[in-house]
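**Student:** Contents of target-v9.cif (mmCIF, C-alpha atoms and all ligand atoms) are below:
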data_model
#
loop_
_atom_site.label_atom_id
_atom_site.label_comp_id
_atom_site.auth_asym_id
_atom_site.auth_seq_id
_atom_site.Cartn_x
_atom_site.Cartn_y
_atom_site.Cartn_z
CA MET A 10 133.56 112.36 39.39
CA ALA A 11 133.07 110.79 35.99
CA SER A 12 135.58 108.28 34.81
CA ALA A 13 136.50 106.60 31.54
CA PRO A 14 138.31 103.36 30.85
CA ALA A 15 141.99 103.62 29.99
CA SER A 16 142.49 103.34 26.27
CA LEU A 17 145.93 101.72 26.60
CA ARG A 18 146.87 98.53 28.39
CA LEU A 19 150.16 97.20 29.61
CA ARG A 20 149.80 93.43 29.65
CA LEU A 21 152.05 92.07 32.39
CA ASP A 22 152.89 88.40 32.65
CA GLY A 23 153.18 87.50 36.32
CA ALA A 24 154.25 83.92 35.64
CA ALA A 25 157.11 85.16 33.45
CA LEU A 26 158.17 87.64 36.15
CA ALA A 27 158.28 84.88 38.76
CA ASP A 28 160.10 82.54 36.39
CA ASN A 29 162.71 85.21 35.60
CA TYR A 30 163.18 85.80 39.33
CA ARG A 31 163.79 82.12 40.09
CA ARG A 32 166.10 81.83 37.07
CA HIS A 33 168.36 84.67 38.30
CA ARG A 34 168.33 83.48 41.90
CA ASP A 35 169.10 79.89 40.97
CA MET A 36 171.86 80.95 38.59
CA ALA A 37 173.46 82.97 41.40
CA GLY A 38 172.77 80.35 44.10
CA VAL A 39 172.24 83.07 46.74
CA PRO A 40 169.28 85.28 47.78
CA ALA A 41 168.24 87.75 45.08
CA ILE A 42 167.14 91.23 46.14
CA PRO A 43 165.14 92.73 43.25
CA ALA A 44 165.84 96.31 42.21
CA VAL A 45 162.38 97.90 41.92
CA LYS A 46 163.29 101.58 41.64
CA ALA A 47 161.42 103.89 39.25
CA ASP A 48 158.05 102.28 39.98
CA GLY A 49 159.34 98.78 39.48
CA TYR A 50 161.05 99.70 36.17
CA GLY A 51 157.73 101.19 35.05
CA LEU A 52 155.60 98.10 35.67
CA GLY A 53 153.93 99.36 38.85
CA VAL A 54 155.97 98.73 41.95
CA ARG A 55 153.34 97.52 44.38
CA GLU A 56 152.18 94.65 42.23
CA VAL A 57 155.76 93.83 41.22
CA VAL A 58 156.75 93.61 44.89
CA ARG A 59 153.73 91.52 45.81
CA ARG A 60 154.49 89.02 43.06
CA LEU A 61 158.23 88.84 43.67
CA GLU A 62 157.57 88.38 47.38
CA ALA A 63 155.41 85.38 46.49
CA ALA A 64 158.29 84.10 44.34
CA GLY A 65 160.57 84.27 47.36
CA ALA A 66 162.31 87.66 47.29
CA PRO A 67 163.52 88.46 50.83
CA ALA A 68 164.06 92.22 50.35
CA PHE A 69 163.78 94.96 47.71
CA ALA A 70 165.94 97.87 46.56
CA VAL A 71 164.43 101.27 45.70
CA ALA A 72 166.25 104.49 44.84
CA THR A 73 164.76 106.96 47.32
CA TRP A 74 162.87 107.31 50.59
CA PRO A 75 159.73 108.62 48.82
CA GLU A 76 159.77 105.44 46.71
CA ALA A 77 160.08 103.41 49.90
CA LEU A 78 157.16 105.24 51.54
CA ALA A 79 155.01 104.88 48.41
CA LEU A 80 155.18 101.11 48.80
CA ASP A 81 153.20 101.48 52.02
CA ARG A 82 154.80 98.30 53.36
CA PRO A 83 156.60 99.04 56.67
CA ASP A 84 156.87 95.27 57.15
CA LEU A 85 159.25 94.91 54.18
CA GLU A 86 163.02 94.74 54.26
CA LEU A 87 164.04 97.59 51.94
CA LEU A 88 167.32 99.01 50.68
CA ILE A 89 167.43 102.70 49.81
CA LEU A 90 170.11 103.03 47.14
CA HIS A 91 170.56 106.81 47.29
CA GLY A 92 171.44 106.54 50.97
CA PHE A 93 170.41 108.88 53.74
CA THR A 94 170.40 112.58 54.58
CA ALA A 95 168.83 114.23 57.64
CA PRO A 96 165.58 115.34 55.91
CA ALA A 97 164.72 111.65 55.36
CA ALA A 98 164.69 110.95 59.12
CA SER A 99 160.90 110.82 59.49
CA ALA A 100 160.62 108.45 56.52
CA ALA A 101 163.30 106.22 58.02
CA ALA A 102 161.50 106.28 61.37
CA ALA A 103 158.29 105.15 59.67
CA LEU A 104 160.07 102.24 57.93
CA PRO A 105 161.83 100.31 60.68
CA ARG A 106 163.05 97.56 58.35
CA ALA A 107 164.51 99.89 55.72
CA ARG A 108 168.27 100.24 55.44
CA PRO A 109 169.93 103.09 53.56
CA VAL A 110 172.82 102.08 51.35
CA LEU A 111 175.22 104.76 52.61
CA ASN A 112 177.36 106.23 49.85
CA THR A 113 179.48 108.98 51.43
CA THR A 114 181.17 109.80 54.72
CA ALA A 115 178.64 112.63 55.20
CA GLN A 116 175.77 110.13 54.80
CA ILE A 117 177.48 107.82 57.29
CA ALA A 118 177.73 110.65 59.82
CA ALA A 119 174.11 111.69 59.22
CA TRP A 120 172.84 108.12 59.78
CA ALA A 121 174.99 107.57 62.87
CA GLY A 122 173.66 110.85 64.27
CA ALA A 123 170.00 110.21 63.49
CA PHE A 124 169.75 106.46 64.20
CA PRO A 125 172.68 105.37 66.35
CA GLY A 126 173.00 101.59 66.35
CA ARG A 127 170.41 100.99 63.64
CA ALA A 128 171.59 98.78 60.77
CA ALA A 129 172.54 100.27 57.43
CA ASP A 130 174.23 99.03 54.26
CA LEU A 131 177.31 100.47 52.63
CA MET A 132 178.13 101.16 48.96
CA VAL A 133 181.79 100.86 47.99
CA ASP A 134 183.03 102.18 44.67
CA THR A 135 185.20 99.62 42.86
CA GLY A 136 185.74 101.53 39.62
CA MET A 137 182.39 102.75 38.32
CA ASN A 138 182.94 106.16 39.90
CA ARG A 139 179.26 106.83 40.44
CA LEU A 140 178.34 106.21 44.07
CA GLY A 141 180.12 104.85 47.10
CA ILE A 142 183.00 105.34 49.50
CA ALA A 143 186.52 104.22 48.58
CA PRO A 144 187.72 100.76 49.63
CA SER A 145 190.21 102.53 51.93
CA GLU A 146 187.31 104.11 53.85
CA VAL A 147 185.48 100.84 54.54
CA ALA A 148 187.29 99.88 57.75
CA ALA A 149 186.37 103.15 59.49
CA ALA A 150 182.75 102.92 58.35
CA VAL A 151 182.39 99.35 59.54
CA ALA A 152 183.88 100.32 62.92
CA ALA A 153 181.54 103.30 63.34
CA LEU A 154 178.25 101.70 62.28
CA SER A 155 176.16 98.58 62.43
CA ILE A 156 176.68 97.51 58.81
CA HIS A 157 174.50 94.72 57.43
CA THR A 158 175.56 94.33 53.76
CA ILE A 159 178.47 95.88 51.87
CA HIS A 160 177.63 96.52 48.21
CA SER A 161 179.38 97.53 45.04
CA HIS A 162 177.96 97.98 41.54
CA LEU A 163 179.27 96.85 38.15
CA ALA A 164 179.65 99.38 35.36
CA CYS A 165 180.03 97.18 32.27
CA ALA A 166 178.73 93.69 33.00
CA ASP A 167 176.43 93.80 29.95
CA ASP A 168 179.58 93.56 27.78
CA PRO A 169 180.97 90.03 28.25
CA THR A 170 184.50 91.07 27.28
CA HIS A 171 184.87 94.36 29.13
CA PRO A 172 188.02 94.23 31.32
CA LEU A 173 186.63 96.59 33.99
CA THR A 174 184.29 93.86 35.27
CA LEU A 175 187.11 91.57 36.39
CA ARG A 176 188.99 94.52 37.91
CA GLN A 177 185.86 95.42 39.89
CA LEU A 178 185.51 91.80 41.00
CA ALA A 179 189.10 91.74 42.28
CA ALA A 180 188.66 95.04 44.12
CA PHE A 181 185.43 93.81 45.73
CA GLN A 182 186.97 90.46 46.68
CA ALA A 183 189.62 92.43 48.59
CA VAL A 184 186.92 94.44 50.38
CA ALA A 185 185.08 91.23 51.26
CA ALA A 186 188.22 89.56 52.57
CA ALA A 187 188.85 92.56 54.84
CA THR A 188 185.29 92.56 56.23
CA PRO A 189 184.45 89.02 57.28
CA GLY A 190 181.27 88.76 59.28
CA HIS A 191 179.38 91.07 56.94
CA ALA A 192 177.22 90.21 53.95
CA HIS A 193 178.43 91.30 50.50
CA ALA A 194 176.60 91.96 47.22
CA LEU A 195 178.00 92.94 43.81
CA ALA A 196 175.98 91.59 40.87
CA ASN A 197 173.13 93.21 38.97
CA SER A 198 171.27 91.07 36.40
CA ALA A 199 174.18 91.20 33.98
CA GLY A 200 176.72 90.38 36.67
CA ILE A 201 174.85 87.19 37.56
CA HIS A 202 175.67 85.93 34.05
CA TRP A 203 179.41 86.25 34.78
CA GLY A 204 179.28 83.24 37.06
CA ARG A 205 179.15 82.43 40.74
CA ASP A 206 182.38 84.28 41.58
CA PHE A 207 180.07 87.31 41.41
CA SER A 208 177.42 85.92 43.79
CA PHE A 209 178.90 86.70 47.25
CA SER A 210 176.05 86.75 49.86
CA ALA A 211 173.30 88.20 47.65
CA VAL A 212 172.63 89.61 44.17
CA ARG A 213 170.54 92.60 43.03
CA PRO A 214 168.84 91.82 39.69
CA GLY A 215 166.55 94.29 37.93
CA LEU A 216 166.34 94.35 34.13
CA GLY A 217 166.44 90.58 33.66
CA LEU A 218 163.42 90.13 35.93
CA PHE A 219 161.33 92.44 33.78
CA GLY A 220 162.10 90.75 30.47
CA GLY A 221 165.16 92.66 29.32
CA ARG A 222 168.28 90.93 28.04
CA PRO A 223 170.98 92.16 30.45
CA HIS A 224 173.76 90.05 28.92
CA PRO A 225 174.09 88.36 25.52
CA ALA A 226 173.77 84.94 27.18
CA ALA A 227 170.62 85.86 29.14
CA GLN A 228 167.28 84.24 28.36
CA SER A 229 164.57 86.11 30.21
CA LEU A 230 160.92 85.62 29.37
CA ARG A 231 158.98 88.61 28.08
CA VAL A 232 156.92 90.27 30.83
CA VAL A 233 155.66 93.53 29.27
CA THR A 234 153.40 93.90 26.22
CA PRO A 235 151.82 97.29 25.45
CA GLU A 236 148.40 97.21 23.80
CA ALA A 237 146.71 100.04 21.95
CA GLN A 238 143.41 100.56 20.18
CA VAL A 239 142.54 101.42 16.59
CA ILE A 240 140.78 104.79 16.39
CA GLN A 241 140.16 104.83 12.64
CA VAL A 242 140.82 102.71 9.57
CA ARG A 243 141.10 104.42 6.20
CA HIS A 244 141.68 103.57 2.57
CA VAL A 245 144.80 105.29 1.19
CA PRO A 246 145.09 105.15 -2.59
CA ALA A 247 148.43 104.28 -4.17
CA GLY A 248 150.63 107.38 -4.40
CA GLU A 249 149.22 109.19 -1.35
CA THR A 250 151.18 109.71 1.86
CA VAL A 251 150.53 109.12 5.56
CA GLY A 252 151.21 111.29 8.58
CA TYR A 253 153.38 114.26 9.55
CA GLY A 254 156.03 115.10 7.02
CA ALA A 255 154.38 112.84 4.45
CA THR A 256 157.28 110.41 4.97
CA TRP A 257 155.36 107.24 4.07
CA THR A 258 153.98 106.70 0.59
CA ALA A 259 151.43 104.04 -0.29
CA HIS A 260 152.96 101.99 -3.07
CA ARG A 261 149.67 100.17 -3.57
CA ASP A 262 146.10 100.87 -2.53
CA SER A 263 146.42 100.52 1.26
CA ARG A 264 144.39 100.09 4.39
CA ILE A 265 145.87 102.24 7.15
CA ALA A 266 144.88 101.92 10.80
CA THR A 267 145.49 104.87 13.11
CA VAL A 268 146.28 103.66 16.64
CA ASN A 269 146.03 105.61 19.92
CA ILE A 270 149.63 105.31 21.15
CA GLY A 271 152.61 107.60 20.59
CA TYR A 272 155.84 108.96 21.92
CA ALA A 273 154.08 110.53 24.92
CA ASP A 274 153.43 106.95 26.01
CA GLY A 275 157.11 106.01 25.80
CA ILE A 276 157.25 104.75 22.20
CA PRO A 277 160.34 106.55 20.83
CA ARG A 278 159.95 108.01 17.34
CA ALA A 279 163.14 106.21 16.33
CA VAL A 280 161.59 102.74 16.69
CA ALA A 281 159.12 103.34 13.84
CA PRO A 282 161.06 101.39 11.17
CA HIS A 283 161.70 98.49 13.60
CA LEU A 284 158.37 98.13 15.40
CA HIS A 285 155.46 95.87 14.48
CA LEU A 286 152.02 95.76 16.00
CA GLN A 287 150.20 92.45 16.07
CA ALA A 288 146.57 91.72 15.27
CA GLY A 289 146.59 88.17 16.54
CA PRO A 290 149.30 86.48 14.48
CA THR A 291 149.31 89.18 11.78
CA ARG A 292 152.24 91.59 11.96
CA LEU A 293 151.54 95.18 10.96
CA PRO A 294 154.49 97.51 10.25
CA VAL A 295 154.39 101.12 11.40
CA ALA A 296 153.61 103.47 8.51
CA GLY A 297 155.37 106.83 8.75
CA ILE A 298 156.23 108.93 11.75
CA ILE A 299 155.14 108.29 15.34
CA SER A 300 153.07 111.21 16.66
CA MET A 301 152.65 112.26 20.29
CA ASP A 302 149.50 110.22 20.85
CA MET A 303 149.15 108.18 17.69
CA LEU A 304 150.86 106.05 15.12
CA ALA A 305 149.69 104.44 11.90
CA VAL A 306 150.12 100.83 10.80
CA ASP A 307 149.82 99.33 7.37
CA ALA A 308 146.89 96.93 7.73
CA THR A 309 146.45 96.20 4.02
CA GLY A 310 144.91 92.80 3.43
CA THR A 311 143.68 92.44 7.02
CA THR A 312 140.30 92.82 8.67
CA VAL A 313 141.61 95.20 11.37
CA THR A 314 138.82 97.57 12.24
CA GLU A 315 137.90 100.49 14.54
CA GLY A 316 138.10 99.57 18.22
CA ASP A 317 140.42 96.58 17.73
CA TRP A 318 143.19 96.12 20.26
CA LEU A 319 146.67 95.64 18.80
CA GLN A 320 149.72 94.38 20.64
CA LEU A 321 153.11 96.05 20.27
CA ASP A 322 155.90 93.54 19.66
CA TRP A 323 157.92 95.14 22.48
CA ASP A 324 161.17 93.19 22.13
CA LEU A 325 163.36 95.26 24.44
CA ALA A 326 166.76 93.97 23.36
CA HIS A 327 165.94 94.04 19.64
CA LEU A 328 164.47 97.54 19.70
CA ALA A 329 167.21 98.94 21.93
CA ASP A 330 169.90 97.52 19.63
CA ALA A 331 168.10 98.78 16.53
CA ILE A 332 167.90 102.40 17.68
CA GLY A 333 170.95 102.59 19.96
CA ALA A 334 168.76 103.12 23.03
CA SER A 335 168.77 101.40 26.41
CA GLN A 336 166.36 98.62 27.30
CA PHE A 337 165.88 100.34 30.66
CA GLU A 338 164.53 103.47 28.97
CA LEU A 339 162.17 101.42 26.81
CA LEU A 340 160.68 100.03 30.03
CA VAL A 341 160.57 102.97 32.43
CA ARG A 342 159.21 105.47 29.89
CA LEU A 343 156.00 103.50 29.30
CA GLY A 344 153.72 106.19 30.61
CA PRO A 345 150.78 106.80 32.92
CA ARG A 346 148.08 106.36 30.26
CA PHE A 347 148.34 102.56 30.49
CA ASP A 348 146.10 100.40 32.60
CA ARG A 349 148.50 97.83 34.04
CA VAL A 350 146.82 94.45 33.61
CA TRP A 351 148.43 91.37 35.16
CA SER A 352 147.92 87.76 34.24
CA GLY A 353 149.52 84.58 35.56
C1 LIG B 1 169.45 99.37 39.36
C2 LIG B 1 170.46 98.68 40.16
C3 LIG B 1 170.57 97.28 40.11
C4 LIG B 1 169.82 96.43 39.11
O1 LIG B 1 170.49 96.54 37.87
P1 LIG B 1 170.00 95.78 36.56
O2 LIG B 1 171.03 96.13 35.56
O3 LIG B 1 168.66 96.33 36.22
O4 LIG B 1 169.95 94.34 36.87
C5 LIG B 1 171.45 96.68 40.98
N1 LIG B 1 172.20 97.41 41.84
C6 LIG B 1 172.14 98.76 41.89
C7 LIG B 1 173.01 99.49 42.84
C8 LIG B 1 171.28 99.43 41.05
O5 LIG B 1 171.23 100.77 41.08
#
Mind converting the file's structure to structure tokens?

**Tutor:**
Amino acid sequence: MASAPASLRLRLDGAALADNYRRHRDMAGVPAIPAVKADGYGLGVREVVRRLEAAGAPAFAVATWPEALALDRPDLELLILHGFTAPAASAAAALPRARPVLNTTAQIAAWAGAFPGRAADLMVDTGMNRLGIAPSEVAAAVAALSIHTIHSHLACADDPTHPLTLRQLAAFQAVAAATPGHAHALANSAGIHWGRDFSFSAVRPGLGLFGGRPHPAAQSLRVVTPEAQVIQVRHVPAGETVGYGATWTAHRDSRIATVNIGYADGIPRAVAPHLHLQAGPTRLPVAGIISMDMLAVDATGTTVTEGDWLQLDWDLAHLADAIGASQFELLVRLGPRFDRVWSG
């Protein structure tokens, strides 16, 4: 089979990832179990896990059993956030250190039937109304099963004034008080920034590890930088337009570079007015509309030329704010055409 080099790169900063991990763990003062669902938030889960393990992570949370199997690491302590149903029994048998985070009474019954006595975790809903049993159902679950950690999840911790967060904390404190002898975990990345009342026995950070800003007070280092290559550079005379819809007009004689990255790679069309590409220190604004596999930048006055690699200034919080999108989407949609290249 012939092969060709990838024409896009995702530069991944391993030192920044490790630093972000230690920052969240030290802020919480308890073990931090990274959430690495959706292929490690799009970064490539195996390498993310390897690096976070080296930084001290004791366990990892994925969404599903196929994600757990794909890690190919039966030695790892894993949490499966979507829980357990009978068809996952062979996966669970192959991963002796994995624990489902059981969300419903049916899941609890299925686990007790398939793996009597084997440890599992429990998700309790404290007001998000997404996943989990009610606090009133916890006592029966704890009596029926070998429960390791009892979890809940915060709905609004990214908003430092949202009243639901303190209501969820109070509800979870009551659950914890009623279940001494178990471990308890509530905080995602944002929750860690609410202070150590939210720490309990462990925390489950995700976004903040990967360079997002989960909370206005958060200061994570950037981990992810997409890089793309110039396919063609052209002279566009003043008055002519660039790209689909002819939405961009050259107001001077311009040098336009067409770059091999587009919305199919996870660059939303809406970021066009807010995104810059960098040629070294030189910032190049996007010119016109983002196509499926291409975009254009205004490289007037630069020496940018065919084959040059340009870096996208992928500031997750800034871009998400600018277009009303989520930082999570700006990470996990970075597509399969990238070579994922780690440094540090
Ligand atoms: C994804 C997830 C996390 C991590 O959340 P971030 O906001 O990315 O820090 C923690 N806990 C649960 C249950 C999750 O689903």

**Student:** Please provide the set of residues having any atom within 7 Å of stretch 141-153 of chain A, restricted to all atoms listed in the file, with same-chain residues fewer than 4 positions apart removed, written as a list of chain:residue names.

**Tutor:**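 So the residues in contact are A:Asn112, A:Thr113, A:Met132, A:Val133, A:Asp134, A:Val184.
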
**Student:** At a cut-off of 9 Å around ligand LIG 1 (chain B), and using all atoms listed in the file, what residues come up? Please write them as a VMD selection string.

**Tutor:** chain A and resid 42 to 46 50 70 to 72 90 to 91 110 132 140 160 to 163 166 to 167 194 to 201 212 to 219 221 223 337

**Student:** Would you work out the distance separating atom CA of A:Ala255 from atom CA of A:Ala281, expressed in Å to one decimal?

**Tutor:**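 Between these atoms lies a distance of 14.2 Å.
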
**Student:** Around (150.9, 106.8, 13.7) in the file's own coordinates, what residues are found within 12 Å if you use only C-alpha atoms, given back as a PyMOL selection string?

**Tutor:** chain A and resi 237-242+251-257+265-272+276-278+280-282+284-286+293-307

**Student:** Around stretch 83-95 of chain A, fit a box with edges along x, y and z, padding it by 6 Å on each side, then list its centre and edge lengths in Å to one decimal as lines of an AutoDock Vina configuration file.

**Tutor:**
center_x = 164.0
center_y = 104.5
center_z = 52.4
size_x = 26.8
size_y = 31.5
size_z = 22.5

**Student:** In terms of the shortest atom-to-atom distance over all atoms listed in the file, which of A:Arg18, A:Thr234, A:His244, A:Arg176 is closest to A:Leu340?

**Tutor:** A:Thr234

**Student:** So that I can see what lies close to stretch 171-174 of chain A, please list as a ChimeraX atom specification the residues with an atom at most 10 Å from it, counting all atoms listed in the file and leaving out residues fewer than 3 positions away in the same chain.

**Tutor:** /A:135-137,162-168,177-180,200,203,207

**Student:** Expressed in Å to a single decimal, how great is the separation between atom CA of A:Ala27 and atom CA of A:Pro169?

**Tutor:** 25.5 Å

**Student:** Measure the distance from atom CA of A:Thr258 to atom CA of A:Val245 in Å and round it to one decimal.

**Tutor:** 9.3 Å

**Student:** Residues around (158.3, 85.1, 36.5), cut-off 10 Å, counting only C-alpha atoms - what are they as a JSON list (two decimals) with C-alpha atoms, in the coordinates of the input?

**Tutor:**
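Done, and the output landed in out03.json:
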[["chain", "number", "residue", "atom", "x", "y", "z"],
["A", 22, "ASP", "CA", 152.89, 88.40, 32.65],
["A", 23, "GLY", "CA", 153.18, 87.50, 36.32],
["A", 24, "ALA", "CA", 154.25, 83.92, 35.64],
["A", 25, "ALA", "CA", 157.11, 85.16, 33.45],
["A", 26, "LEU", "CA", 158.17, 87.64, 36.15],
["A", 27, "ALA", "CA", 158.28, 84.88, 38.76],
["A", 28, "ASP", "CA", 160.10, 82.54, 36.39],
["A", 29, "ASN", "CA", 162.71, 85.21, 35.60],
["A", 30, "TYR", "CA", 163.18, 85.80, 39.33],
["A", 31, "ARG", "CA", 163.79, 82.12, 40.09],
["A", 32, "ARG", "CA", 166.10, 81.83, 37.07],
["A", 60, "ARG", "CA", 154.49, 89.02, 43.06],
["A", 61, "LEU", "CA", 158.23, 88.84, 43.67],
["A", 64, "ALA", "CA", 158.29, 84.10, 44.34],
["A", 218, "LEU", "CA", 163.42, 90.13, 35.93],
["A", 219, "PHE", "CA", 161.33, 92.44, 33.78],
["A", 220, "GLY", "CA", 162.10, 90.75, 30.47],
["A", 229, "SER", "CA", 164.57, 86.11, 30.21],
["A", 230, "LEU", "CA", 160.92, 85.62, 29.37],
["A", 231, "ARG", "CA", 158.98, 88.61, 28.08],
["A", 232, "VAL", "CA", 156.92, 90.27, 30.83],
["A", 353, "GLY", "CA", 149.52, 84.58, 35.56]]

**Student:** Would you mind listing what lies within 8 Å of stretch 331-333 of chain A as a list in words, with all atoms listed in the file counted and same-chain residues fewer than 2 positions away left out?

**Tutor:**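 These residues fall inside the cut-off: Ala279, Val280, His283, His327, Leu328, Ala329 and Ser335 of chain A.
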
**Student:** Find the residue from A:Leu319, A:Ala187, A:Ala79, A:Leu154 that sits nearest to A:Thr114; use only C-alpha atoms when measuring.

**Tutor:**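 Looking at the shortest contact to A:Thr114, the residue is A:Leu154.
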
**Student:** Neighbouring residues of stretch 123-129 of chain A were defined as those with any atom within 8 Å, considering all atoms listed in the file; residues of the same chain fewer than 5 positions away were excluded. Please report them as JSON, numbers by chain.

**Tutor:** {"A": [95, 98, 108, 109, 110, 111, 154, 155, 156, 157, 158]}

**Student:** So that I have them on file, write out the residues from the current selection with C-alpha atoms, as a tab-separated table (two decimals), in the frame of the given file.

**Tutor:**
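File result.tsv, as written:
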chain	number	residue	atom	x	y	z
A	95	ALA	CA	168.83	114.23	57.64
A	98	ALA	CA	164.69	110.95	59.12
A	108	ARG	CA	168.27	100.24	55.44
A	109	PRO	CA	169.93	103.09	53.56
A	110	VAL	CA	172.82	102.08	51.35
A	111	LEU	CA	175.22	104.76	52.61
A	154	LEU	CA	178.25	101.70	62.28
A	155	SER	CA	176.16	98.58	62.43
A	156	ILE	CA	176.68	97.51	58.81
A	157	HIS	CA	174.50	94.72	57.43
A	158	THR	CA	175.56	94.33	53.76

**Student:** Can you list, as JSON, numbers by chain, every protein, DNA or RNA residue that comes within 9 Å of A:Val341 when you count all atoms listed in the file, leaving out same-chain residues fewer than 5 positions away?

**Tutor:** {"A": [47, 48, 49, 50, 51, 52, 275, 336]}
